[in-house]
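Note sheet for the following structure.
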Amino acid sequence: MLFAIYSIIKPIAGTLILVFMYYLAVDVGGEVGIERLAYMFVGSAFYMFVFQAFFGLFEVIQGDREWFQTIRYIYISPISYYAYVAGRGTTQMGTAAFGVTIVLLFGKFLLNLPISLSLGLLPFFLAILLLGAFCTVVIGIALAGVTFLTARHGGGMSEGVTGIFYVFSGVIFPLSVLPQWGQILGRYIPLTYWFEGLRRAMLPGFVGDSFLLSISNSLLLVILAGATVLFFLVSVGVFRYTEYLARKKGKIDMTTAY
Amino acid sequence: MEAAIATRNLTRVFGGKRRRLQRKREPSEKRVVALDSVNLEIPHGELFGLLGPNGAGKTTLIKILATLLLPTSGEAYVAGYDVAKDPFPIRKRINMVTGGETSGYGLLTTRENVWMFSQFYGMPSRQVKKVIDLLAEEFDLQERMDAKVRTLSTGERQKMNMIRGFVTDPEIIFLDEPTLGLDVTAARSIRGFIKKWIQEQKGRTVLLTTHDMMEADELCDRIAIIDRGRILACDSPEGLKRLIKKDVTLKIETDRLKDTSVFRSIPGVRNFAVSENPKGRSMTTTFILEDDAPIADIMSEVLRQGSRVHSLKKTEPTLEEVFISLVGRGLD
Ligand SMILES: Nc1ncnc2c1ncn2[C@@H]1O[C@H](COP(=O)(O)OP(=O)(O)O)[C@@H](O)[C@H]1O
Ligand SMILES: [Mg+2]
C-alpha cells in the first residue's frame, strides 16, 4: 500500500515540479502561450502510464526475484509467466490512472488549463487511451523480459528506454524542435501517435506536429492499432526468447548472492 | 505406467564459456559440473530422497525437474513429459517447496499468500478455502493464518511455504531441504506431514533432498547418495546399510592428529572421515574397515603421532557410515 502511494506521488510530484519550472521560465523569458503549457501538461500527465509500465514492471520482476523470492513458485505454476506479468502490468496501469486523473484535474481547475473532454470525442478518447495503454504495457513486458537476464542493478535498460521515449515521442515538446534524425525516430515510436490522439481529444483547438496534420483521427487509431499488434508480436517473441535464455543460464530465480 | 520421474544421462554445467564481449584479462567463469550423467527412475507413489553434502547438485536436479532450469545435456522426464520440450503439462502436476529461504509477500497475510498462489493453478475459491483450513490444522498454524507474513517466525514461514506447496494437491512434489534451519518441533511437524501425505493417497510422489541422515533414514523409501553431481548409490535405507554390513565400523576419539592421510594406506581401511569435536582438542575418526585386522595398525599409527586414545568403539552401520564409505567424508 505504501508502495502504491509512493508510486502515485512520485510522478505527480515530478509533473508539478515541471510545471513550476515552466512558470519560472515564463517569468524570466516572457510570453509563452498557455497552449504550450497545456501541451506539456497533458503529455507529462499521461507519461505516468509509460513510467509505470516500464519502470513499475521492472520493479515487479526484481521484487519477486530478489526481495520476496516468490518468482520460482510463480514460474513453475501452470499460468504463463507472460500472462502473469501482463496482469501485474495492468494493475500498474490502474495505479497510474489514478495519478493521471489527479494531475489532470489539478491542471484544469487549479492552473485553469484548457483541458476538457467533449461527449462527441469520448469514443475516440477511450479508444485511443485503451490502445495506447495496451501498447505501453506490451512494450513494458518486452523490457521486463530483458531484466530476466540482468542482475539487481539492471534497471538501466528500462530507464534508458523511458528516457528515449520521453524525448522522442512528443511528451513535453513537439517533434519539430528535434533535429531531422530525431523527428524520424519519433515517427516510428507508437507513443507519438498516442500522445497526439490524447491531445486532440482533450485540448480543444489543438494543432499538432505538421507531419501529423494530414492524419485524421480514424487514421491515427488505425496506425496505433497496427503498431500495437506489431509490438505485441515482438513483445511475445522477445519475452519467449529471454525466458528461454534465463532458463538455460539458470537466471530465473537468480538472486544477487550468485 | 511410466515412472513419475526419470532422467537419462542428465548433465548440467554452469559457467565455463568465455563470452565474446568479455575483456581478455578477466578470468572466465569457473566451470562447475553440477550434475554429471545422472540416471534416476522414481516410480509413482515413492518417497525418494537425495542425500548429499552442500554443493552436491541436489538443488540443481530439483530445479531442472521443476522446469526452472534447462539441462546442458541428457534428458529428464516428469510424469512422462520432457522438461525441456514440454514444461506446461508438467507444471499442472507438480509443486515445490524450498527450505532455508524467506519467500512470500510480507504485507499480505498467510492466507492471502497461499490463496494467491492457488489462483495460478485455477483452483475454485471455495475449494481453496477448505483445503487451506485443513492444511493449517495439519501444521497447527490456524492462529497465524490471518497474521501478516512479515510477523511470522522462521518455522511458521516454512509451514506457510509447505501449505502453499501442498494446497494445489500436486501429483509430484519437490521438497528441497524442507526442514533446513528449523527448530526440532517445526522440523518434526513437517516430517510428520510428509509421511502422512504420501500414505493418504496412492500414487503421490515426493522427491526430497536433505543433508540430514536421520531425516533421510526416517522418511524415504529409497535414497540416492549424491556427491559432486554423481549418484554414488541408490537403494532403500536398509539396502544401503547392507552395502557395508560385513564391514566393521570403528569410531575412535583421540587428541588431534597431525596427519590423517596415512590411514588411507593401511590395508583393510575402506574409507574414513574425521570430525573435530566442538570443544576441547579431541577429534573423532570414523573408519569403515573390511574386518578387525587393521585396528592394530590404526592404533599404532595414533600412538606413533603421540596422541592419546580417549575412546574406541565398534558400531552398527547407520546411513552415516554408508555415506562415509562411499564419499570419504562426513556430511557437515
Ligand atoms: N546459477 C548457478 N551459477 C553457477 N553455479 C551454480 C549455480 N547454481 C549452482 N551452481 C553450482 O553448482 C553446484 C551444485 O549446486 P547445488 O545444486 O545448489 O547443490 P546442493 O543443492 O546440493 O547444495 C555448486 O558447486 C554450485 O556452486
Ligand atoms: Mg541446495
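How things are named: the first chain in the C-alpha cells is A, the next is B, and so on; residues count from 1 in each chain; ligands count from 1 in the order shown.
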Legend entry - Contact residues around Phe206 of chain A with only C-alpha atoms at 9 Å, ignoring same-chain residues under 5 positions, as a VMD selection string: chain A and resid 35 39 199 to 201
Please dump the current selection as a JSON list (two decimals), in the first residue's frame; keep N, CA and C atoms.
[["chain", "number", "residue", "atom", "x", "y", "z"],
["A", 35, "GLU", "N", -1.14, 27.49, -24.41],
["A", 35, "GLU", "CA", -1.23, 26.25, -25.20],
["A", 35, "GLU", "C", 0.01, 25.39, -24.99],
["A", 39, "TYR", "N", 0.04, 21.67, -23.59],
["A", 39, "TYR", "CA", 0.69, 20.61, -24.36],
["A", 39, "TYR", "C", 1.58, 19.76, -23.46],
["A", 199, "ARG", "N", -4.10, 14.44, -27.03],
["A", 199, "ARG", "CA", -4.21, 15.91, -27.05],
["A", 199, "ARG", "C", -5.37, 16.36, -27.92],
["A", 200, "ARG", "N", -5.53, 15.68, -29.06],
["A", 200, "ARG", "CA", -6.67, 16.04, -29.92],
["A", 200, "ARG", "C", -7.97, 15.88, -29.16],
["A", 201, "ALA", "N", -8.04, 14.85, -28.31],
["A", 201, "ALA", "CA", -9.28, 14.59, -27.58],
["A", 201, "ALA", "C", -9.48, 15.56, -26.42]]
Which protein, DNA or RNA residues have an atom within 7 Å of ligand 1, counting only C-alpha atoms and all ligand atoms, as a PDB file with C-alpha atoms, in the first residue's frame?
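result.pdb, written as the output of this step:
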ATOM      1  CA  GLY A 250      19.789 -20.553 -14.560  1.00  0.00           C
ATOM      2  CA  LYS A 251      18.863 -16.920 -14.064  1.00  0.00           C
ATOM      3  CA  MET A 254      18.760 -15.689  -9.512  1.00  0.00           C
ATOM      4  CA  TYR A 258      25.190 -15.685  -7.028  1.00  0.00           C
TER       5      TYR A 258
ATOM      6  CA  PHE B  14      27.433 -23.863 -15.039  1.00  0.00           C
ATOM      7  CA  GLY B  15      29.770 -21.230 -16.441  1.00  0.00           C
ATOM      8  CA  VAL B  32      31.166 -26.289 -12.495  1.00  0.00           C
ATOM      9  CA  VAL B  33      29.667 -29.652 -13.370  1.00  0.00           C
ATOM     10  CA  ALA B  34      26.688 -29.573 -11.035  1.00  0.00           C
ATOM     11  CA  GLY B  52      24.331 -35.256  -0.263  1.00  0.00           C
ATOM     12  CA  PRO B  53      26.567 -32.544   1.153  1.00  0.00           C
ATOM     13  CA  ASN B  54      26.325 -28.852   0.232  1.00  0.00           C
ATOM     14  CA  GLY B  55      27.102 -28.234  -3.409  1.00  0.00           C
ATOM     15  CA  ALA B  56      26.408 -31.845  -4.391  1.00  0.00           C
ATOM     16  CA  GLY B  57      23.880 -30.831  -7.052  1.00  0.00           C
ATOM     17  CA  LYS B  58      20.618 -31.545  -5.232  1.00  0.00           C
ATOM     18  CA  THR B  59      19.029 -28.158  -5.863  1.00  0.00           C
ATOM     19  CA  THR B  60      20.189 -28.182  -9.470  1.00  0.00           C
ATOM     20  CA  LEU B  61      18.420 -31.509 -10.050  1.00  0.00           C
TER      21      LEU B  61
END
Inset, instruction - Rounded to one decimal place, report the atom CA of Lys129 of chain B-atom CA of Arg164 of chain B distance in Å. - result: 12.2 Å
Inset, instruction - Apply DSSP to the structure's backbone, then extract all residues of segment 208-312 of chain B labelled alpha helix (DSSP H) and return them as a ChimeraX atom specification. - result: /B:213-219,237-243,294-304
Residue hits in chain B, query chain A, radius 8 Å, only C-alpha atoms, as a PDB file with N, CA and C atoms, in the first residue's frame:
ATOM      1  N   PHE B  14      27.566 -25.317 -15.206  1.00  0.00           N
ATOM      2  CA  PHE B  14      27.433 -23.863 -15.039  1.00  0.00           C
ATOM      3  C   PHE B  14      28.733 -23.197 -15.448  1.00  0.00           C
ATOM      4  N   ALA B  66      11.733 -29.266 -11.925  1.00  0.00           N
ATOM      5  CA  ALA B  66      10.608 -28.343 -11.718  1.00  0.00           C
ATOM      6  C   ALA B  66      10.480 -27.342 -12.862  1.00  0.00           C
ATOM      7  N   THR B  67      11.201 -27.541 -13.942  1.00  0.00           N
ATOM      8  CA  THR B  67      11.154 -26.708 -15.157  1.00  0.00           C
ATOM      9  C   THR B  67      11.673 -25.282 -14.956  1.00  0.00           C
ATOM     10  N   LEU B  68      12.544 -25.095 -13.962  1.00  0.00           N
ATOM     11  CA  LEU B  68      13.130 -23.769 -13.751  1.00  0.00           C
ATOM     12  C   LEU B  68      14.443 -23.598 -14.502  1.00  0.00           C
ATOM     13  N   LEU B  69      15.037 -24.726 -14.848  1.00  0.00           N
ATOM     14  CA  LEU B  69      16.397 -24.704 -15.381  1.00  0.00           C
ATOM     15  C   LEU B  69      16.470 -25.762 -16.477  1.00  0.00           C
ATOM     16  N   LEU B  70      17.197 -25.458 -17.554  1.00  0.00           N
ATOM     17  CA  LEU B  70      17.327 -26.445 -18.633  1.00  0.00           C
ATOM     18  C   LEU B  70      18.571 -27.303 -18.415  1.00  0.00           C
ATOM     19  N   PRO B  71      18.503 -28.575 -18.810  1.00  0.00           N
ATOM     20  CA  PRO B  71      19.701 -29.408 -18.735  1.00  0.00           C
ATOM     21  C   PRO B  71      20.727 -28.935 -19.762  1.00  0.00           C
ATOM     22  N   THR B  72      22.014 -29.205 -19.498  1.00  0.00           N
ATOM     23  CA  THR B  72      23.025 -28.933 -20.515  1.00  0.00           C
ATOM     24  C   THR B  72      23.027 -30.061 -21.537  1.00  0.00           C
ATOM     25  N   PHE B  88       4.700 -27.284 -19.863  1.00  0.00           N
ATOM     26  CA  PHE B  88       3.370 -26.893 -19.385  1.00  0.00           C
ATOM     27  C   PHE B  88       2.550 -28.015 -18.757  1.00  0.00           C
ATOM     28  N   PRO B  89       2.469 -29.204 -19.407  1.00  0.00           N
ATOM     29  CA  PRO B  89       1.730 -30.275 -18.721  1.00  0.00           C
ATOM     30  C   PRO B  89       2.390 -30.692 -17.406  1.00  0.00           C
ATOM     31  N   ARG B  91       3.876 -28.595 -15.289  1.00  0.00           N
ATOM     32  CA  ARG B  91       3.584 -27.588 -14.256  1.00  0.00           C
ATOM     33  C   ARG B  91       2.228 -27.791 -13.610  1.00  0.00           C
ATOM     34  N   LYS B  92       1.272 -28.366 -14.352  1.00  0.00           N
ATOM     35  CA  LYS B  92      -0.047 -28.623 -13.753  1.00  0.00           C
ATOM     36  C   LYS B  92       0.031 -29.699 -12.681  1.00  0.00           C
ATOM     37  N   ASN B  95       4.502 -29.357  -7.695  1.00  0.00           N
ATOM     38  CA  ASN B  95       4.747 -28.148  -6.923  1.00  0.00           C
ATOM     39  C   ASN B  95       6.083 -28.318  -6.224  1.00  0.00           C
ATOM     40  N   MET B  96       6.529 -27.274  -5.551  1.00  0.00           N
ATOM     41  CA  MET B  96       7.871 -27.298  -4.996  1.00  0.00           C
ATOM     42  C   MET B  96       7.913 -26.481  -3.708  1.00  0.00           C
ATOM     43  N   GLU B 101      14.725 -20.325   3.057  1.00  0.00           N
ATOM     44  CA  GLU B 101      14.547 -19.061   2.356  1.00  0.00           C
ATOM     45  C   GLU B 101      13.383 -18.327   3.015  1.00  0.00           C
ATOM     46  N   THR B 102      13.235 -17.060   2.690  1.00  0.00           N
ATOM     47  CA  THR B 102      12.118 -16.309   3.247  1.00  0.00           C
ATOM     48  C   THR B 102      11.248 -15.832   2.108  1.00  0.00           C
ATOM     49  N   SER B 103      10.526 -16.781   1.529  1.00  0.00           N
ATOM     50  CA  SER B 103       9.683 -16.459   0.385  1.00  0.00           C
ATOM     51  C   SER B 103       8.307 -16.001   0.854  1.00  0.00           C
ATOM     52  N   GLY B 104       7.708 -15.077   0.127  1.00  0.00           N
ATOM     53  CA  GLY B 104       6.355 -14.640   0.456  1.00  0.00           C
ATOM     54  C   GLY B 104       6.250 -13.129   0.531  1.00  0.00           C
ATOM     55  N   TYR B 105       5.021 -12.633   0.387  1.00  0.00           N
ATOM     56  CA  TYR B 105       4.786 -11.195   0.433  1.00  0.00           C
ATOM     57  C   TYR B 105       4.470 -10.792   1.871  1.00  0.00           C
ATOM     58  N   GLY B 106       5.431 -10.103   2.514  1.00  0.00           N
ATOM     59  CA  GLY B 106       5.334  -9.794   3.927  1.00  0.00           C
ATOM     60  C   GLY B 106       4.127  -8.978   4.325  1.00  0.00           C
ATOM     61  N   PHE B 117      -1.267 -17.940  -4.677  1.00  0.00           N
ATOM     62  CA  PHE B 117      -0.584 -18.958  -5.474  1.00  0.00           C
ATOM     63  C   PHE B 117      -1.556 -20.010  -5.983  1.00  0.00           C
ATOM     64  N   PHE B 120      -3.021 -19.289  -9.378  1.00  0.00           N
ATOM     65  CA  PHE B 120      -2.241 -19.563 -10.595  1.00  0.00           C
ATOM     66  C   PHE B 120      -2.527 -20.971 -11.112  1.00  0.00           C
ATOM     67  N   TYR B 121      -3.157 -21.792 -10.283  1.00  0.00           N
ATOM     68  CA  TYR B 121      -3.486 -23.154 -10.685  1.00  0.00           C
ATOM     69  C   TYR B 121      -4.964 -23.270 -11.045  1.00  0.00           C
TER      70      TYR B 121
END
Legend entry - Which of B:Ile226, B:Leu152, B:Leu47, B:Leu10 sits closest to Val83 of chain B [using only C-alpha atoms]: B:Leu10
Inset, instruction - Provide the atom CA of Met213 of chain B to atom CA of Leu319 of chain B distance in Å, to one decimal place. - result: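 Atom CA of Leu319 of chain B lies 6.2 Å from atom CA of Met213 of chain B.
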Inset, instruction - Fewer than 2 positions away in the same chain doesn't count, so skip those; otherwise give me all residues within 8 Å of segment 169-177 of chain B, counting only C-alpha atoms, as a list in words. - result: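 My reading of the contact set: Ala4, Lys58, Thr59, Ile62, Ala66, Lys92, Arg93, Ile94, Asn95, Met96, Val97, Thr98, Gly99, Gly100, Gly165, Phe166, Val167, Thr179, Leu180, Gly203, Arg204, Thr205, Val206, Leu207, Leu208, Thr209, Thr210 and His211 of chain B.
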Legend entry - All strand (DSSP E or B) residues (DSSP, backbone) inside segment 140-288 of chain B, as a ChimeraX atom specification: /B:148,172-176,205-210,222-227,230-235,248-255,269-276,282-288
Inset, instruction - Find the residues around Val85 of chain A up to 10 Å (only C-alpha atoms counted), leave out those fewer than 2 positions away in its own chain, and share them as a list in words. - result: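 Returned residues: Leu57, Phe58, Val60, Ile61, Ser80, Tyr81, Tyr82, Ala83, Gly87, Arg88, Gly89, Thr90, Thr91, Val137, Val138, Gly140, Ile141, Ala144 and Gly145 of chain A.
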Inset, instruction - Compare B:Ser311, B:Leu141, B:Leu50, B:Asp82 by their minimum atom-to-atom distance to ligand 2, counting only C-alpha atoms and all ligand atoms, and give me the closest one. - result: B:Leu50
Inset, instruction - Find the residues around Asn271 of chain B up to 7 Å (only C-alpha atoms counted), leave out those fewer than 3 positions away in its own chain, and share them as a ChimeraX atom specification. - result: /B:287-288,324-325,328
Legend entry - Distance in Å - atom CA of Ile225 of chain B versus atom 1 (Mg, counted along the ligand's line) of ligand 2: 14.0 Å
Legend entry - Near-segment 243-256 of chain B list (9 Å; only C-alpha atoms; drop same-chain fewer than 5 positions) as a PyMOL selection string: chain B and resi 238+270+276-277+281-292+295+302+306-317+321-322+325
Restrict the selected residues to C-alpha atoms and save them as an mmCIF file, in the first residue's frame.
data_model
loop_
_atom_site.group_PDB
_atom_site.id
_atom_site.type_symbol
_atom_site.label_atom_id
_atom_site.label_comp_id
_atom_site.auth_asym_id
_atom_site.auth_seq_id
_atom_site.Cartn_x
_atom_site.Cartn_y
_atom_site.Cartn_z
ATOM 1 C CA GLU B 238 18.198 -50.957 4.603
ATOM 2 C CA ARG B 270 37.920 -48.842 3.026
ATOM 3 C CA GLU B 276 36.540 -32.200 15.069
ATOM 4 C CA ASN B 277 34.773 -32.227 18.389
ATOM 5 C CA ARG B 281 41.216 -30.584 21.492
ATOM 6 C CA SER B 282 39.910 -34.011 20.629
ATOM 7 C CA MET B 283 38.583 -35.386 17.381
ATOM 8 C CA THR B 284 36.603 -38.386 16.263
ATOM 9 C CA THR B 285 37.592 -40.523 13.316
ATOM 10 C CA THR B 286 35.092 -42.958 11.848
ATOM 11 C CA PHE B 287 36.582 -45.868 9.935
ATOM 12 C CA ILE B 288 34.942 -48.335 7.593
ATOM 13 C CA LEU B 289 37.094 -51.455 7.719
ATOM 14 C CA GLU B 290 36.992 -54.733 5.832
ATOM 15 C CA ASP B 291 37.483 -56.668 9.089
ATOM 16 C CA ASP B 292 39.128 -56.318 12.514
ATOM 17 C CA ILE B 295 42.559 -51.931 14.062
ATOM 18 C CA VAL B 302 47.719 -42.962 16.509
ATOM 19 C CA GLY B 306 51.940 -39.084 20.125
ATOM 20 C CA SER B 307 48.185 -38.895 20.598
ATOM 21 C CA ARG B 308 46.127 -40.396 23.399
ATOM 22 C CA VAL B 309 43.080 -42.539 22.691
ATOM 23 C CA HIS B 310 40.051 -41.289 24.647
ATOM 24 C CA SER B 311 37.607 -43.899 23.466
ATOM 25 C CA LEU B 312 37.169 -46.572 20.867
ATOM 26 C CA LYS B 313 34.031 -48.353 19.798
ATOM 27 C CA LYS B 314 32.717 -50.601 17.095
ATOM 28 C CA THR B 315 29.269 -49.521 15.892
ATOM 29 C CA GLU B 316 26.279 -50.769 13.928
ATOM 30 C CA PRO B 317 26.272 -49.352 10.424
ATOM 31 C CA GLU B 321 28.731 -44.900 7.828
ATOM 32 C CA VAL B 322 27.370 -45.778 4.391
ATOM 33 C CA SER B 325 32.268 -45.394 2.999
#
